[in-house]
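Quick look at start-v2.pdb (PDB, C-alpha atoms):
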ATOM      1  CA  MET N   1       0.000   0.000   0.000  1.00  0.00           C
ATOM      2  CA  THR N   2       1.454   3.388  -0.974  1.00  0.00           C
ATOM      3  CA  GLU N   3       1.501   6.492   1.201  1.00  0.00           C
ATOM      4  CA  LEU N   4      -1.068   8.072  -1.077  1.00  0.00           C
ATOM      5  CA  SER N   5      -3.458   5.189  -0.551  1.00  0.00           C
ATOM      6  CA  LYS N   6      -3.439   5.842   3.226  1.00  0.00           C
ATOM      7  CA  LEU N   7      -5.231   9.149   2.733  1.00  0.00           C
ATOM      8  CA  GLU N   8      -8.959   9.178   3.282  1.00  0.00           C
ATOM      9  CA  GLY N   9     -11.931  11.033   1.837  1.00  0.00           C
ATOM     10  CA  PRO N  10     -12.163  13.196  -1.337  1.00  0.00           C
ATOM     11  CA  LEU N  11      -8.466  14.078  -1.128  1.00  0.00           C
ATOM     12  CA  ALA N  12      -7.526  10.424  -1.496  1.00  0.00           C
ATOM     13  CA  GLU N  13      -9.680  10.139  -4.608  1.00  0.00           C
ATOM     14  CA  ALA N  14      -8.143  13.195  -6.241  1.00  0.00           C
ATOM     15  CA  LEU N  15      -4.562  12.786  -5.090  1.00  0.00           C
ATOM     16  CA  THR N  16      -3.495   9.673  -6.971  1.00  0.00           C
ATOM     17  CA  GLU N  17       0.054   8.852  -8.033  1.00  0.00           C
ATOM     18  CA  GLU N  18      -0.936   9.699 -11.604  1.00  0.00           C
ATOM     19  CA  ALA N  19      -2.258  13.082 -10.511  1.00  0.00           C
ATOM     20  CA  VAL N  20       0.941  13.873  -8.619  1.00  0.00           C
ATOM     21  CA  ALA N  21       3.059  12.789 -11.582  1.00  0.00           C
ATOM     22  CA  ALA N  22       0.939  14.898 -13.957  1.00  0.00           C
ATOM     23  CA  PHE N  23       1.215  17.908 -11.665  1.00  0.00           C
ATOM     24  CA  LEU N  24       5.006  17.660 -11.443  1.00  0.00           C
ATOM     25  CA  LYS N  25       5.243  17.201 -15.200  1.00  0.00           C
ATOM     26  CA  ASP N  26       3.138  20.302 -15.793  1.00  0.00           C
ATOM     27  CA  ASN N  27       5.068  22.269 -13.190  1.00  0.00           C
ATOM     28  CA  PRO N  28       8.775  21.553 -13.790  1.00  0.00           C
ATOM     29  CA  ASP N  29       9.739  24.521 -11.578  1.00  0.00           C
ATOM     30  CA  PHE N  30       7.892  23.126  -8.540  1.00  0.00           C
ATOM     31  CA  PHE N  31      11.063  22.156  -6.673  1.00  0.00           C
ATOM     32  CA  HIS N  32      12.651  25.495  -7.544  1.00  0.00           C
ATOM     33  CA  ARG N  33       9.759  27.125  -5.707  1.00  0.00           C
ATOM     34  CA  GLN N  34      10.069  24.591  -2.882  1.00  0.00           C
ATOM     35  CA  PRO N  35      13.851  24.127  -2.473  1.00  0.00           C
ATOM     36  CA  GLN N  36      13.550  22.972   1.138  1.00  0.00           C
ATOM     37  CA  LEU N  37      11.265  20.136   0.027  1.00  0.00           C
ATOM     38  CA  ALA N  38      13.723  18.965  -2.652  1.00  0.00           C
ATOM     39  CA  ALA N  39      16.443  18.795  -0.009  1.00  0.00           C
ATOM     40  CA  GLN N  40      14.251  16.895   2.463  1.00  0.00           C
ATOM     41  CA  LEU N  41      12.837  14.245   0.146  1.00  0.00           C
ATOM     42  CA  ARG N  42      14.576  10.876   0.067  1.00  0.00           C
ATOM     43  CA  VAL N  43      14.237   8.264  -2.681  1.00  0.00           C
ATOM     44  CA  PRO N  44      15.085   4.552  -2.211  1.00  0.00           C
ATOM     45  CA  HIS N  45      18.285   3.534  -4.015  1.00  0.00           C
ATOM     46  CA  THR N  46      19.296  -0.089  -4.625  1.00  0.00           C
ATOM     47  CA  GLU N  47      22.974   0.516  -3.827  1.00  0.00           C
ATOM     48  CA  ARG N  48      23.104   3.616  -1.611  1.00  0.00           C
ATOM     49  CA  GLY N  49      19.985   3.272   0.522  1.00  0.00           C
ATOM     50  CA  ALA N  50      17.994   6.514   0.449  1.00  0.00           C
ATOM     51  CA  VAL N  51      19.281   9.533  -1.515  1.00  0.00           C
ATOM     52  CA  SER N  52      17.908  13.005  -2.113  1.00  0.00           C
ATOM     53  CA  LEU N  53      16.353  14.202  -5.352  1.00  0.00           C
ATOM     54  CA  VAL N  54      19.248  16.608  -5.742  1.00  0.00           C
ATOM     55  CA  GLU N  55      21.744  13.740  -5.584  1.00  0.00           C
ATOM     56  CA  ILE N  56      19.723  11.772  -8.125  1.00  0.00           C
ATOM     57  CA  GLN N  57      19.601  14.746 -10.469  1.00  0.00           C
ATOM     58  CA  LEU N  58      23.338  15.366 -10.105  1.00  0.00           C
ATOM     59  CA  GLY N  59      24.043  11.694 -10.753  1.00  0.00           C
ATOM     60  CA  ARG N  60      21.964  11.718 -13.913  1.00  0.00           C
ATOM     61  CA  LEU N  61      23.625  14.912 -15.076  1.00  0.00           C
ATOM     62  CA  ARG N  62      27.044  13.332 -14.559  1.00  0.00           C
ATOM     63  CA  GLU N  63      25.965  10.282 -16.567  1.00  0.00           C
ATOM     64  CA  ARG N  64      24.658  12.501 -19.356  1.00  0.00           C
ATOM     65  CA  VAL N  65      27.881  14.537 -19.408  1.00  0.00           C
ATOM     66  CA  ALA N  66      29.897  11.310 -19.645  1.00  0.00           C
ATOM     67  CA  GLU N  67      27.724  10.124 -22.549  1.00  0.00           C
ATOM     68  CA  LEU N  68      28.154  13.452 -24.353  1.00  0.00           C
ATOM     69  CA  GLU N  69      31.918  13.365 -23.822  1.00  0.00           C
ATOM     70  CA  GLU N  70      32.022   9.874 -25.326  1.00  0.00           C
ATOM     71  CA  ASP N  71      29.930  11.045 -28.300  1.00  0.00           C
ATOM     72  CA  ILE N  72      32.254  14.019 -28.845  1.00  0.00           C
ATOM     73  CA  THR N  73      35.305  11.742 -28.724  1.00  0.00           C
ATOM     74  CA  GLN N  74      33.755   9.444 -31.334  1.00  0.00           C
ATOM     75  CA  LEU N  75      32.838  12.384 -33.571  1.00  0.00           C
ATOM     76  CA  MET N  76      36.373  13.776 -33.332  1.00  0.00           C
ATOM     77  CA  SER N  77      37.780  10.366 -34.247  1.00  0.00           C
ATOM     78  CA  ILE N  78      35.453  10.121 -37.261  1.00  0.00           C
ATOM     79  CA  ALA N  79      36.345  13.664 -38.344  1.00  0.00           C
ATOM     80  CA  ALA N  80      40.069  12.908 -38.118  1.00  0.00           C
ATOM     81  CA  GLY N  81      39.587   9.731 -40.159  1.00  0.00           C
ATOM     82  CA  ASN N  82      37.605  11.585 -42.814  1.00  0.00           C
ATOM     83  CA  GLU N  83      40.285  14.265 -43.031  1.00  0.00           C
ATOM     84  CA  ASN N  84      42.965  11.620 -43.561  1.00  0.00           C
ATOM     85  CA  LEU N  85      40.855   9.995 -46.290  1.00  0.00           C
ATOM     86  CA  PHE N  86      40.313  13.328 -48.017  1.00  0.00           C
ATOM     87  CA  ARG N  87      44.023  14.133 -47.953  1.00  0.00           C
ATOM     88  CA  ALA N  88      45.002  10.701 -49.295  1.00  0.00           C
ATOM     89  CA  PHE N  89      42.543  10.787 -52.184  1.00  0.00           C
ATOM     90  CA  SER N  90      43.274  14.446 -52.933  1.00  0.00           C
ATOM     91  CA  HIS N  91      46.974  13.612 -53.262  1.00  0.00           C
ATOM     92  CA  ALA N  92      46.118  10.669 -55.540  1.00  0.00           C
ATOM     93  CA  HIS N  93      44.083  12.946 -57.827  1.00  0.00           C
ATOM     94  CA  LYS N  94      47.018  15.374 -58.043  1.00  0.00           C
ATOM     95  CA  ALA N  95      49.291  12.505 -59.083  1.00  0.00           C
ATOM     96  CA  LEU N  96      46.752  11.378 -61.698  1.00  0.00           C
ATOM     97  CA  PHE N  97      46.560  14.872 -63.179  1.00  0.00           C
ATOM     98  CA  ALA N  98      50.299  14.570 -63.878  1.00  0.00           C
ATOM     99  CA  ALA N  99      50.048  10.972 -65.162  1.00  0.00           C
ATOM    100  CA  GLU N 100      51.177  10.285 -68.731  1.00  0.00           C
ATOM    101  CA  SER N 101      50.936   6.494 -68.809  1.00  0.00           C
ATOM    102  CA  GLU N 102      49.319   3.533 -67.114  1.00  0.00           C
ATOM    103  CA  ASP N 103      52.532   3.054 -65.138  1.00  0.00           C
ATOM    104  CA  ASP N 104      52.006   6.501 -63.632  1.00  0.00           C
ATOM    105  CA  ILE N 105      48.479   5.486 -62.598  1.00  0.00           C
ATOM    106  CA  HIS N 106      49.796   2.402 -60.829  1.00  0.00           C
ATOM    107  CA  LYS N 107      52.422   4.492 -59.036  1.00  0.00           C
ATOM    108  CA  ALA N 108      49.715   6.883 -57.822  1.00  0.00           C
ATOM    109  CA  LEU N 109      47.608   3.947 -56.633  1.00  0.00           C
ATOM    110  CA  LEU N 110      50.579   2.387 -54.821  1.00  0.00           C
ATOM    111  CA  GLU N 111      51.088   5.610 -52.900  1.00  0.00           C
ATOM    112  CA  LEU N 112      47.376   5.721 -52.124  1.00  0.00           C
ATOM    113  CA  ALA N 113      47.524   2.131 -50.873  1.00  0.00           C
ATOM    114  CA  ASN N 114      50.398   2.990 -48.533  1.00  0.00           C
ATOM    115  CA  SER N 115      48.487   5.996 -47.172  1.00  0.00           C
ATOM    116  CA  LEU N 116      45.368   3.955 -46.492  1.00  0.00           C
ATOM    117  CA  HIS N 117      47.178   0.793 -45.335  1.00  0.00           C
ATOM    118  CA  LEU N 118      45.191  -1.178 -47.900  1.00  0.00           C
ATOM    119  CA  VAL N 119      45.848  -3.119 -51.076  1.00  0.00           C
ATOM    120  CA  VAL N 120      44.832  -1.033 -54.097  1.00  0.00           C
ATOM    121  CA  SER N 121      44.824  -2.545 -57.574  1.00  0.00           C
ATOM    122  CA  LEU N 122      43.770  -1.561 -61.092  1.00  0.00           C
ATOM    123  CA  ARG N 123      43.021  -4.347 -63.556  1.00  0.00           C
ATOM    124  CA  LEU N 124      41.644  -3.903 -67.047  1.00  0.00           C
ATOM    125  CA  TYR N 125      39.935  -6.161 -69.565  1.00  0.00           C
ATOM    126  CA  ASP N 126      42.137  -5.120 -72.484  1.00  0.00           C
ATOM    127  CA  GLY N 127      45.868  -5.292 -71.819  1.00  0.00           C
ATOM    128  CA  GLY N 128      47.555  -3.634 -68.879  1.00  0.00           C
ATOM    129  CA  HIS N 129      49.713  -5.152 -66.165  1.00  0.00           C
ATOM    130  CA  HIS N 130      47.095  -7.726 -65.165  1.00  0.00           C
ATOM    131  CA  GLN N 131      44.349  -8.473 -67.645  1.00  0.00           C
ATOM    132  CA  LEU N 132      40.928  -9.280 -66.247  1.00  0.00           C
ATOM    133  CA  ASN N 133      39.006 -12.291 -67.458  1.00  0.00           C
ATOM    134  CA  ARG N 134      35.545 -10.996 -68.295  1.00  0.00           C
ATOM    135  CA  LYS N 135      33.864 -14.367 -67.805  1.00  0.00           C
ATOM    136  CA  SER N 136      35.383 -14.803 -64.343  1.00  0.00           C
ATOM    137  CA  VAL N 137      34.481 -11.250 -63.370  1.00  0.00           C
ATOM    138  CA  ASP N 138      30.904 -11.767 -64.563  1.00  0.00           C
ATOM    139  CA  ALA N 139      30.679 -14.824 -62.302  1.00  0.00           C
ATOM    140  CA  VAL N 140      31.798 -12.760 -59.283  1.00  0.00           C
ATOM    141  CA  LYS N 141      29.338 -10.017 -60.198  1.00  0.00           C
ATOM    142  CA  ALA N 142      26.478 -12.473 -60.509  1.00  0.00           C
ATOM    143  CA  ALA N 143      27.273 -13.968 -57.102  1.00  0.00           C
ATOM    144  CA  HIS N 144      27.894 -10.787 -55.112  1.00  0.00           C
ATOM    145  CA  PHE N 145      26.799  -7.532 -56.728  1.00  0.00           C
ATOM    146  CA  CYS N 146      23.023  -8.156 -56.546  1.00  0.00           C
ATOM    147  CA  GLY N 147      22.354  -5.446 -59.125  1.00  0.00           C
ATOM    148  CA  GLN N 148      24.658  -2.878 -57.457  1.00  0.00           C
ATOM    149  CA  ARG N 149      27.399  -1.058 -59.379  1.00  0.00           C
ATOM    150  CA  ILE N 150      29.909  -1.372 -56.526  1.00  0.00           C
ATOM    151  CA  TYR N 151      30.522  -4.296 -54.215  1.00  0.00           C
ATOM    152  CA  LEU N 152      31.554  -3.721 -50.594  1.00  0.00           C
ATOM    153  CA  GLY N 153      32.111  -6.785 -48.439  1.00  0.00           C
ATOM    154  CA  ARG N 154      33.897 -10.098 -48.105  1.00  0.00           C
ATOM    155  CA  LEU N 155      35.159 -12.358 -50.874  1.00  0.00           C
ATOM    156  CA  ARG N 156      36.739 -15.766 -50.937  1.00  0.00           C
ATOM    157  CA  LYS N 157      40.410 -15.702 -51.831  1.00  0.00           C
ATOM    158  CA  VAL N 158      39.717 -17.451 -55.147  1.00  0.00           C
ATOM    159  CA  ASP N 159      37.425 -14.557 -56.117  1.00  0.00           C
ATOM    160  CA  GLY N 160      39.695 -11.889 -54.685  1.00  0.00           C
ATOM    161  CA  ASP N 161      42.578 -13.213 -56.779  1.00  0.00           C
ATOM    162  CA  GLN N 162      40.696 -12.023 -59.860  1.00  0.00           C
ATOM    163  CA  PHE N 163      41.212  -8.419 -58.748  1.00  0.00           C
ATOM    164  CA  VAL N 164      44.358  -8.158 -56.613  1.00  0.00           C
ATOM    165  CA  THR N 165      47.707  -9.899 -56.249  1.00  0.00           C
ATOM    166  CA  GLN N 166      47.983 -12.003 -53.084  1.00  0.00           C
ATOM    167  CA  ALA N 167      44.365 -11.497 -52.130  1.00  0.00           C
ATOM    168  CA  PRO N 168      43.775 -11.680 -48.363  1.00  0.00           C
ATOM    169  CA  GLU N 169      42.104 -14.815 -47.038  1.00  0.00           C
ATOM    170  CA  LEU N 170      38.523 -13.912 -46.079  1.00  0.00           C
ATOM    171  CA  GLY N 171      39.363 -10.233 -46.427  1.00  0.00           C
ATOM    172  CA  SER N 172      36.947  -7.477 -47.382  1.00  0.00           C
ATOM    173  CA  TYR N 173      36.894  -5.597 -50.668  1.00  0.00           C
ATOM    174  CA  ALA N 174      35.611  -2.560 -52.487  1.00  0.00           C
ATOM    175  CA  LEU N 175      35.191  -3.514 -56.159  1.00  0.00           C
ATOM    176  CA  VAL N 176      34.693  -0.340 -58.191  1.00  0.00           C
ATOM    177  CA  PRO N 177      34.100  -0.480 -61.968  1.00  0.00           C
ATOM    178  CA  VAL N 178      36.264   1.754 -64.135  1.00  0.00           C
ATOM    179  CA  PHE N 179      33.612   2.938 -66.556  1.00  0.00           C
ATOM    180  CA  LYS N 180      33.598   5.425 -69.416  1.00  0.00           C
ATOM    181  CA  GLY N 181      31.032   4.513 -72.047  1.00  0.00           C
ATOM    182  CA  LYS N 182      31.838   0.895 -71.279  1.00  0.00           C
ATOM    183  CA  GLU N 183      33.343  -1.083 -68.427  1.00  0.00           C
ATOM    184  CA  LEU N 184      37.124  -0.906 -68.848  1.00  0.00           C
ATOM    185  CA  GLY N 185      38.044  -2.883 -65.733  1.00  0.00           C
ATOM    186  CA  PHE N 186      37.991  -2.625 -61.964  1.00  0.00           C
ATOM    187  CA  LEU N 187      39.670  -0.535 -59.316  1.00  0.00           C
ATOM    188  CA  THR N 188      39.898  -2.670 -56.182  1.00  0.00           C
ATOM    189  CA  PHE N 189      40.578  -1.833 -52.548  1.00  0.00           C
ATOM    190  CA  ALA N 190      41.254  -4.824 -50.296  1.00  0.00           C
ATOM    191  CA  SER N 191      41.784  -5.214 -46.552  1.00  0.00           C
ATOM    192  CA  GLN N 192      42.935  -8.094 -44.381  1.00  0.00           C
ATOM    193  CA  ASP N 193      40.128  -7.079 -42.021  1.00  0.00           C
ATOM    194  CA  GLY N 194      37.003  -8.940 -43.082  1.00  0.00           C
ATOM    195  CA  GLY N 195      34.834  -6.200 -41.603  1.00  0.00           C
ATOM    196  CA  HIS N 196      36.656  -3.175 -43.033  1.00  0.00           C
ATOM    197  CA  PHE N 197      34.415  -2.677 -46.070  1.00  0.00           C
ATOM    198  CA  GLN N 198      30.689  -2.695 -45.313  1.00  0.00           C
ATOM    199  CA  PRO N 199      27.718  -2.229 -47.707  1.00  0.00           C
ATOM    200  CA  SER N 200      26.610   0.839 -45.734  1.00  0.00           C
ATOM    201  CA  MET N 201      29.854   2.740 -46.381  1.00  0.00           C
ATOM    202  CA  ASP N 202      29.945   5.873 -48.534  1.00  0.00           C
ATOM    203  CA  THR N 203      31.642   5.302 -51.916  1.00  0.00           C
ATOM    204  CA  LEU N 204      32.149   8.881 -53.134  1.00  0.00           C
ATOM    205  CA  PHE N 205      35.967   8.925 -52.884  1.00  0.00           C
ATOM    206  CA  VAL N 206      36.505   5.552 -54.564  1.00  0.00           C
ATOM    207  CA  GLU N 207      33.999   6.349 -57.319  1.00  0.00           C
ATOM    208  CA  GLN N 208      35.704   9.663 -58.066  1.00  0.00           C
ATOM    209  CA  ILE N 209      39.165   8.110 -58.335  1.00  0.00           C
ATOM    210  CA  ALA N 210      37.811   5.338 -60.604  1.00  0.00           C
ATOM    211  CA  GLU N 211      36.119   7.946 -62.812  1.00  0.00           C
ATOM    212  CA  HIS N 212      39.353   9.956 -63.030  1.00  0.00           C
ATOM    213  CA  ILE N 213      41.239   6.842 -64.133  1.00  0.00           C
ATOM    214  CA  ALA N 214      38.552   6.014 -66.711  1.00  0.00           C
ATOM    215  CA  ILE N 215      38.844   9.498 -68.228  1.00  0.00           C
ATOM    216  CA  LEU N 216      42.633   9.168 -68.530  1.00  0.00           C
ATOM    217  CA  LEU N 217      42.516   5.697 -70.085  1.00  0.00           C
ATOM    218  CA  THR N 218      39.815   6.709 -72.589  1.00  0.00           C
ATOM    219  CA  LYS N 219      41.763   9.809 -73.586  1.00  0.00           C
ATOM    220  CA  TRP N 220      44.980   7.874 -74.113  1.00  0.00           C
ATOM    221  CA  GLN N 221      43.204   5.197 -76.133  1.00  0.00           C
ATOM    222  CA  ALA N 222      41.669   7.871 -78.368  1.00  0.00           C
ATOM    223  CA  ASN N 223      45.113   9.353 -79.042  1.00  0.00           C
ATOM    224  CA  GLU N 224      46.719   6.046 -80.028  1.00  0.00           C
TER     225      GLU N 224
END
Write the structure described by the file as structure tokens, please.
Amino acid sequence: MTELSKLEGPLAEALTEEAVAAFLKDNPDFFHRQPQLAAQLRVPHTERGAVSLVEIQLGRLRERVAELEEDITQLMSIAAGNENLFRAFSHAHKALFAAESEDDIHKALLELANSLHLVVSLRLYDGGHHQLNRKSVDAVKAAHFCGQRIYLGRLRKVDGDQFVTQAPELGSYALVPVFKGKELGFLTFASQDGGHFQPSMDTLFVEQIAEHIAILLTKWQANE
């Protein structure tokens, strides 16, 4: 039986727990107007016995501050990671602007790979350092792409070997088509970490670098 239920008469009917809760909700400044009451009230606590409302409020504020500090730390970490990505891809684009051959493209990609601590590879269908087998690539696309232009996720080593040298066992990949009028090949990013590339990840940077490479290759082919 609650304290409220001990009251008798009309007051007991009107003063229910719900009514008290509604009153306090509608009057958030009640304890500011009654500071002595806030200091006197005690609330049962599973670990500390009875504590005051002020202590409860301070405890909750401390918890909220700790949560916000953790959120800020995570946001700062994400921002720093995004800045590093932007710098790495920006530098790669600068190198591609100066590229005069496919060898120059591979040099730019090697530097990008070192910056990102990933394996980065460019393979084309027609010629190049490592020629892609269209039939084998089509099999990988049929099994994994599910109608998407870009694949982000895990691959078996036998499939990863189609796109990179010494493909990681059960690693994760970003398979990005190099496309300009037609599919020229694939730009591939690979990680030993099977969870590094996820389908929910943004693909803007990798798409832009693949498009830049496609423009260069198409221009050089036109001038041959």
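Shortest separation to Asp161 of chain N among N:Lys219, N:Asn133, N:Leu110, N:Leu61 occurs at residue N:Asn133, atoms counted being only C-alpha atoms.
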- Can you give me, as a list in words, the residues this file yields under the PyMOL selection byres ((chain N and resi 203-206) around 8)? Phe86, Phe89, Val176, Met201, Asp202, Glu207, Gln208, Ile209 and Ala210 of chain N
Can you tell me, as JSON, the centre and edge lengths (Å, one decimal) of the axis-aligned box enclosing all of segment 85-98 of chain N's listed atoms after padding each side by 4 Å?
{"center_x": 45.3, "center_y": 12.7, "center_z": -55.1, "size_x": 18.0, "size_y": 13.4, "size_z": 25.6}
- Item | Residues selected by the PyMOL selection byres ((chain N and resi 157) around 12), written as a list in words | Val140, Arg154, Leu155, Arg156, Val158, Asp159, Gly160, Asp161, Gln162, Phe163, Val164, Thr165, Gln166, Ala167, Pro168, Glu169, Leu170, Gly171, Ser172, Tyr173, Ala190, Ser191, Gln192 and Gly194 of chain N
Produce a file of the selected residues containing C-alpha atoms, as a PDB file, keeping the file's coordinate frame.
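Writing the result to again37.pdb gives the following:
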ATOM      1  CA  VAL N 140      31.798 -12.760 -59.283  1.00  0.00           C
ATOM      2  CA  ARG N 154      33.897 -10.098 -48.105  1.00  0.00           C
ATOM      3  CA  LEU N 155      35.159 -12.358 -50.874  1.00  0.00           C
ATOM      4  CA  ARG N 156      36.739 -15.766 -50.937  1.00  0.00           C
ATOM      5  CA  VAL N 158      39.717 -17.451 -55.147  1.00  0.00           C
ATOM      6  CA  ASP N 159      37.425 -14.557 -56.117  1.00  0.00           C
ATOM      7  CA  GLY N 160      39.695 -11.889 -54.685  1.00  0.00           C
ATOM      8  CA  ASP N 161      42.578 -13.213 -56.779  1.00  0.00           C
ATOM      9  CA  GLN N 162      40.696 -12.023 -59.860  1.00  0.00           C
ATOM     10  CA  PHE N 163      41.212  -8.419 -58.748  1.00  0.00           C
ATOM     11  CA  VAL N 164      44.358  -8.158 -56.613  1.00  0.00           C
ATOM     12  CA  THR N 165      47.707  -9.899 -56.249  1.00  0.00           C
ATOM     13  CA  GLN N 166      47.983 -12.003 -53.084  1.00  0.00           C
ATOM     14  CA  ALA N 167      44.365 -11.497 -52.130  1.00  0.00           C
ATOM     15  CA  PRO N 168      43.775 -11.680 -48.363  1.00  0.00           C
ATOM     16  CA  GLU N 169      42.104 -14.815 -47.038  1.00  0.00           C
ATOM     17  CA  LEU N 170      38.523 -13.912 -46.079  1.00  0.00           C
ATOM     18  CA  GLY N 171      39.363 -10.233 -46.427  1.00  0.00           C
ATOM     19  CA  SER N 172      36.947  -7.477 -47.382  1.00  0.00           C
ATOM     20  CA  TYR N 173      36.894  -5.597 -50.668  1.00  0.00           C
ATOM     21  CA  ALA N 190      41.254  -4.824 -50.296  1.00  0.00           C
ATOM     22  CA  SER N 191      41.784  -5.214 -46.552  1.00  0.00           C
ATOM     23  CA  GLN N 192      42.935  -8.094 -44.381  1.00  0.00           C
ATOM     24  CA  GLY N 194      37.003  -8.940 -43.082  1.00  0.00           C
TER      25      GLY N 194
END
Assuming the chain letters and numbering stay as they are in my file, what does the PyMOL selection byres ((chain N and resi 189) around 8) actually select? List them as a PDB file with C-alpha atoms, keeping the file's coordinate frame.
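To be explicit, this is the file written out as out.pdb:
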ATOM      1  CA  LEU N 118      45.191  -1.178 -47.900  1.00  0.00           C
ATOM      2  CA  VAL N 119      45.848  -3.119 -51.076  1.00  0.00           C
ATOM      3  CA  VAL N 120      44.832  -1.033 -54.097  1.00  0.00           C
ATOM      4  CA  SER N 121      44.824  -2.545 -57.574  1.00  0.00           C
ATOM      5  CA  TYR N 173      36.894  -5.597 -50.668  1.00  0.00           C
ATOM      6  CA  ALA N 174      35.611  -2.560 -52.487  1.00  0.00           C
ATOM      7  CA  LEU N 175      35.191  -3.514 -56.159  1.00  0.00           C
ATOM      8  CA  LEU N 187      39.670  -0.535 -59.316  1.00  0.00           C
ATOM      9  CA  THR N 188      39.898  -2.670 -56.182  1.00  0.00           C
ATOM     10  CA  ALA N 190      41.254  -4.824 -50.296  1.00  0.00           C
ATOM     11  CA  SER N 191      41.784  -5.214 -46.552  1.00  0.00           C
TER      12      SER N 191
END
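Atom pair atom CA of Ala99 of chain N / atom CA of His196 of chain N: separated by 29.5 Å.
Distance-wise, atom CA of Leu109 of chain N and atom CA of Gln74 of chain N end up 29.4 Å apart.
The space between atom CA of Trp220 of chain N and atom CA of Ala95 of chain N spans 16.3 Å.
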